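Here is the structure we will look at.
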Amino acid sequence: MLKAIPKTKLTVIITTHNYGRFLQNSIESVLSQTNQDSWHLIVVDDGSTDDTPDILETFQDDARISVVKLNGIGLAGASNAGIKKAESEWIIRLDADDWFHPQCIEILLEKAEKTGVDLIYGDYFIVEAEGKIVCSHSQIGNMIGAGYESSPLAAGCLFRKDCWRQIGGYDESLRFQEDFDFWLKFTERFKTAYVPQPLMYYRKHSGSMSTNRKPRSEARRQVKHKAACRRRRTIPNEGIQMIVSTIPPLDACISSDLLLAKRGGKNLLDILNEKTIGFPDIIKKVLLTSDEKVDKWAHKNNWDVKKAKFPFSIGNDWFSMVETENDKSLLLVASPLFPLIEKERIQELIDTLLVHDCGRVDSVLPQCGQVFQLTKSGLESGIVQNENQMNGMIEVKKENCLYYQSGGLSIINPKNYSKKDVIGFVEILPFEGFLVREIKDLEWAVSQIN
């Protein structure tokens with residue numbers, strides 16, 4: 001039977017599903033808070049079949065803790081259920097595999113009430129499965145926009161319950177990315193703030209939801225599309241011009257024979273063209289090429305052709321080769337050399353451009369691993385060039401993510417685009433970044449598509 005939940009200043013919500021091995025540490029981190037006067041803890045057990053009920057049984061006599069039992073409805077639903085039960089002005093969530101710094105509640109609550117914001121978050125430590133600290137993760141004070149398309153961790157984020165109510169809580173139709181969806185909705189209407197201190201320990205392990213990359217990517221697309229619709233951002237009446245570029249990167253010597261070679265009855269241009277079906281806003285397609293054979297193929301298939309000045313791309317910026325006659329239409333640049341990029345990425349690029357109202361969005365791949373720079377002393381790790389910092393150097397923490405342009409898809413809004421604009425991004429999955437360089441690559445890619 002659920003205990004009567006007292007009215008307090010703040011409620012901590014711990015959600016758990018088969019995380020019994022971590023749960024006691026999570027609960028004790030709440031009980032050990034330096035602020036002991038203003039909170040109540042609700043643990044939501046979402047259908048656990050491990051020793052979670054036994055762990056909770058050991059805390060049954062603690063008046064500061066209430067338990068809500070559910071039947072496996074998912075993280076968003078479990079979070080909403082716990083928050084509904086809360087009798088407080090403020091809410092802070094905690095996943096059962098993570099834990100709080102002892103001063104987490106005290107620092108966040110004091111700063112929130114002093115600044116008058118509706119949501120506040122801090123930095124955190126990343127820890128391995130056994131709890132050893134790997135590194136600290138520094139967030140930024142403004143995560144809203146194309147340049148830092150992210151959200152604070154849902155865990156360790158303090159917000160007003162009334163704001164949660166006004167935006168409809170967490171979207172229970174989402175299995176992943178419900179925190180990113182919540183953040184976008186929240187920042188559309190309410191004020192946020194940031195505390196530059198690590199106040200939580202975030203555990204990464206094999207069972208963590210953050211390791212499920214493909215379903216997370218699909219959910220992210222859905223969230224951004226809903227945001228574009230909710231904000232009533234639409235494609236200009238002039239539509240989208242699509243530039244299909246056959247210009248490869250400088251280090252990829254690709255001939256027209258590869259571009260026009262057919263496997264499974266299709267060549268690379270056919271595969272790309274099929275992905276544009278269902279996008280009525282693409283009003284014009286232009287083939288950008290420097291190859292005479294490709295030029296002839298384009299005319300034979302009723303494509304417009306724009307002759308390129310160079311047979312290869314200069315750096316990573318393909319837009320420098322494109323001049324558009326209509327600066328009011330969006331410009332989608334695509335390469336047939338990346339046949340595994342999913343069709344849905346086109347819509348995601350469009351939605352990202354519209355949501356953030358930026359000038360340009362690129363498809364990118366995360367560059368993982370240690371960062372090095374060549375110096376007089378040889379390779380030095382963890383530093384990159386930055387002209388705005390002292391001595392032209394800044395330290396790059398290991399957990400920071402670097403990206404490189406995949407070259408597969410990009411979109412610009414000529415009206416907003418300039419060299420100074422922040423570039424938005426769509427992170428593609430590793431297999432989508434596969435670049436066809438020779439016939440055997442083409443054969444393998446076609447086998448994956450079919």
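Residue numbering restarts at 1 in every chain; chains get A, B, ... in the order shown in the structure tokens, and ligands count up from 1 in that same order.
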Skip Asn18 in chain A itself and residues of its chain fewer than 5 positions away, then list as a ChimeraX atom specification all residues within 7 Å of it, counting only C-alpha atoms.
-> /A:48-50,52
Saved selection, atoms kept: N, CA, C and O atoms, as a PDB file, in the first residue's frame:
ATOM      1  N   SER A  48      10.045  -4.551 -12.142  1.00  0.00           N
ATOM      2  CA  SER A  48      11.316  -5.267 -12.002  1.00  0.00           C
ATOM      3  C   SER A  48      11.082  -6.725 -11.630  1.00  0.00           C
ATOM      4  O   SER A  48      10.191  -7.050 -10.836  1.00  0.00           O
ATOM      5  N   THR A  49      11.922  -7.605 -12.187  1.00  0.00           N
ATOM      6  CA  THR A  49      11.846  -9.041 -11.872  1.00  0.00           C
ATOM      7  C   THR A  49      13.121  -9.529 -11.194  1.00  0.00           C
ATOM      8  O   THR A  49      13.283 -10.728 -10.975  1.00  0.00           O
ATOM      9  N   ASP A  50      14.021  -8.615 -10.854  1.00  0.00           N
ATOM     10  CA  ASP A  50      15.249  -8.982 -10.147  1.00  0.00           C
ATOM     11  C   ASP A  50      15.048  -8.786  -8.649  1.00  0.00           C
ATOM     12  O   ASP A  50      13.927  -8.953  -8.145  1.00  0.00           O
ATOM     13  N   THR A  52      15.047  -6.054  -6.997  1.00  0.00           N
ATOM     14  CA  THR A  52      14.613  -4.692  -6.666  1.00  0.00           C
ATOM     15  C   THR A  52      13.599  -4.662  -5.522  1.00  0.00           C
ATOM     16  O   THR A  52      13.742  -3.858  -4.588  1.00  0.00           O
TER      17      THR A  52
END
Proximity of range 87-205 of chain A to range 32-38 of chain A: per-residue shortest pair, 8 Å limit, only C-alpha atoms, as a tab-separated table:
residue	atom	partner	partner_atom	distance
A:His101	CA	A:Gln33	CA	7.7
A:Pro102	CA	A:Gln33	CA	4.5
A:Gln103	CA	A:Thr34	CA	5.6
A:Cys104	CA	A:Gln33	CA	7.2
A:Ile105	CA	A:Asn35	CA	6.6
A:Glu106	CA	A:Asn35	CA	5.3
Please write the residues from the selection above to a file, keeping N, CA, C and O atoms, as a compact mmCIF listing (two decimals), in the first residue's frame.
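Output file again16.txt is given in full below:
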# COMPACT_ATOMS: atom_id res chain seq x y z
N HIS A 101 25.76 13.70 -6.07
CA HIS A 101 26.76 14.28 -5.18
C HIS A 101 26.03 14.72 -3.91
O HIS A 101 24.87 15.15 -3.99
N PRO A 102 26.65 14.64 -2.73
CA PRO A 102 25.95 14.98 -1.48
C PRO A 102 25.33 16.38 -1.46
O PRO A 102 24.35 16.61 -0.75
N GLN A 103 25.88 17.33 -2.22
CA GLN A 103 25.36 18.70 -2.21
C GLN A 103 24.45 19.00 -3.40
O GLN A 103 24.08 20.16 -3.60
N CYS A 104 24.08 18.01 -4.16
CA CYS A 104 23.33 18.24 -5.38
C CYS A 104 22.04 19.02 -5.14
O CYS A 104 21.81 20.07 -5.76
N ILE A 105 21.20 18.55 -4.26
CA ILE A 105 19.91 19.20 -4.01
C ILE A 105 20.11 20.60 -3.43
O ILE A 105 19.46 21.56 -3.86
N GLU A 106 21.00 20.72 -2.48
CA GLU A 106 21.23 22.01 -1.83
C GLU A 106 21.67 23.07 -2.84
O GLU A 106 21.12 24.18 -2.87
Non-local contacts of range 283-287 of chain A (8 Å; only C-alpha atoms; under 4 positions in same chain excluded) as a list in words = Gly239, Ile240, Gln241, Met242, Ile243, Val244, Ser245, Thr246, Ala298, Trp303, Asp304, Val305 and Lys306 of chain A
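The nearest approach to Ile423 in chain A among the residues A:Gly278, A:Ile167, A:Gly147, A:His299, with only C-alpha atoms taken into account, belongs to A:Gly147.
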Exercise: range 67-69 of chain A partners within 7 Å, only C-alpha atoms, chain neighbours under 2 positions left out, as a ChimeraX atom specification | /A:2,42-47,65
Writer output for current selection, N, CA, C and O atoms, as a compact mmCIF listing (two decimals), in the first residue's frame:
# COMPACT_ATOMS: atom_id res chain seq x y z
N LEU A 2 0.55 2.21 -0.86
CA LEU A 2 1.34 3.42 -1.00
C LEU A 2 1.20 4.29 0.24
O LEU A 2 0.10 4.56 0.72
N ILE A 42 10.45 9.43 -4.01
CA ILE A 42 9.52 8.43 -4.55
C ILE A 42 10.31 7.53 -5.49
O ILE A 42 10.91 7.99 -6.46
N VAL A 43 10.31 6.23 -5.19
CA VAL A 43 10.95 5.24 -6.07
C VAL A 43 9.87 4.56 -6.89
O VAL A 43 8.91 4.01 -6.33
N VAL A 44 10.01 4.61 -8.20
CA VAL A 44 9.04 3.99 -9.10
C VAL A 44 9.64 2.71 -9.63
O VAL A 44 10.58 2.73 -10.44
N ASP A 45 9.13 1.56 -9.17
CA ASP A 45 9.59 0.25 -9.64
C ASP A 45 8.72 -0.16 -10.82
O ASP A 45 7.57 -0.55 -10.65
N ASP A 46 9.29 -0.08 -12.01
CA ASP A 46 8.53 -0.34 -13.23
C ASP A 46 8.62 -1.81 -13.65
O ASP A 46 9.24 -2.15 -14.66
N GLY A 47 8.01 -2.67 -12.86
CA GLY A 47 7.91 -4.08 -13.22
C GLY A 47 9.20 -4.86 -13.12
O GLY A 47 9.43 -5.79 -13.92
N ILE A 65 10.71 7.94 2.28
CA ILE A 65 10.67 7.19 1.01
C ILE A 65 9.30 6.59 0.78
O ILE A 65 8.72 5.95 1.67
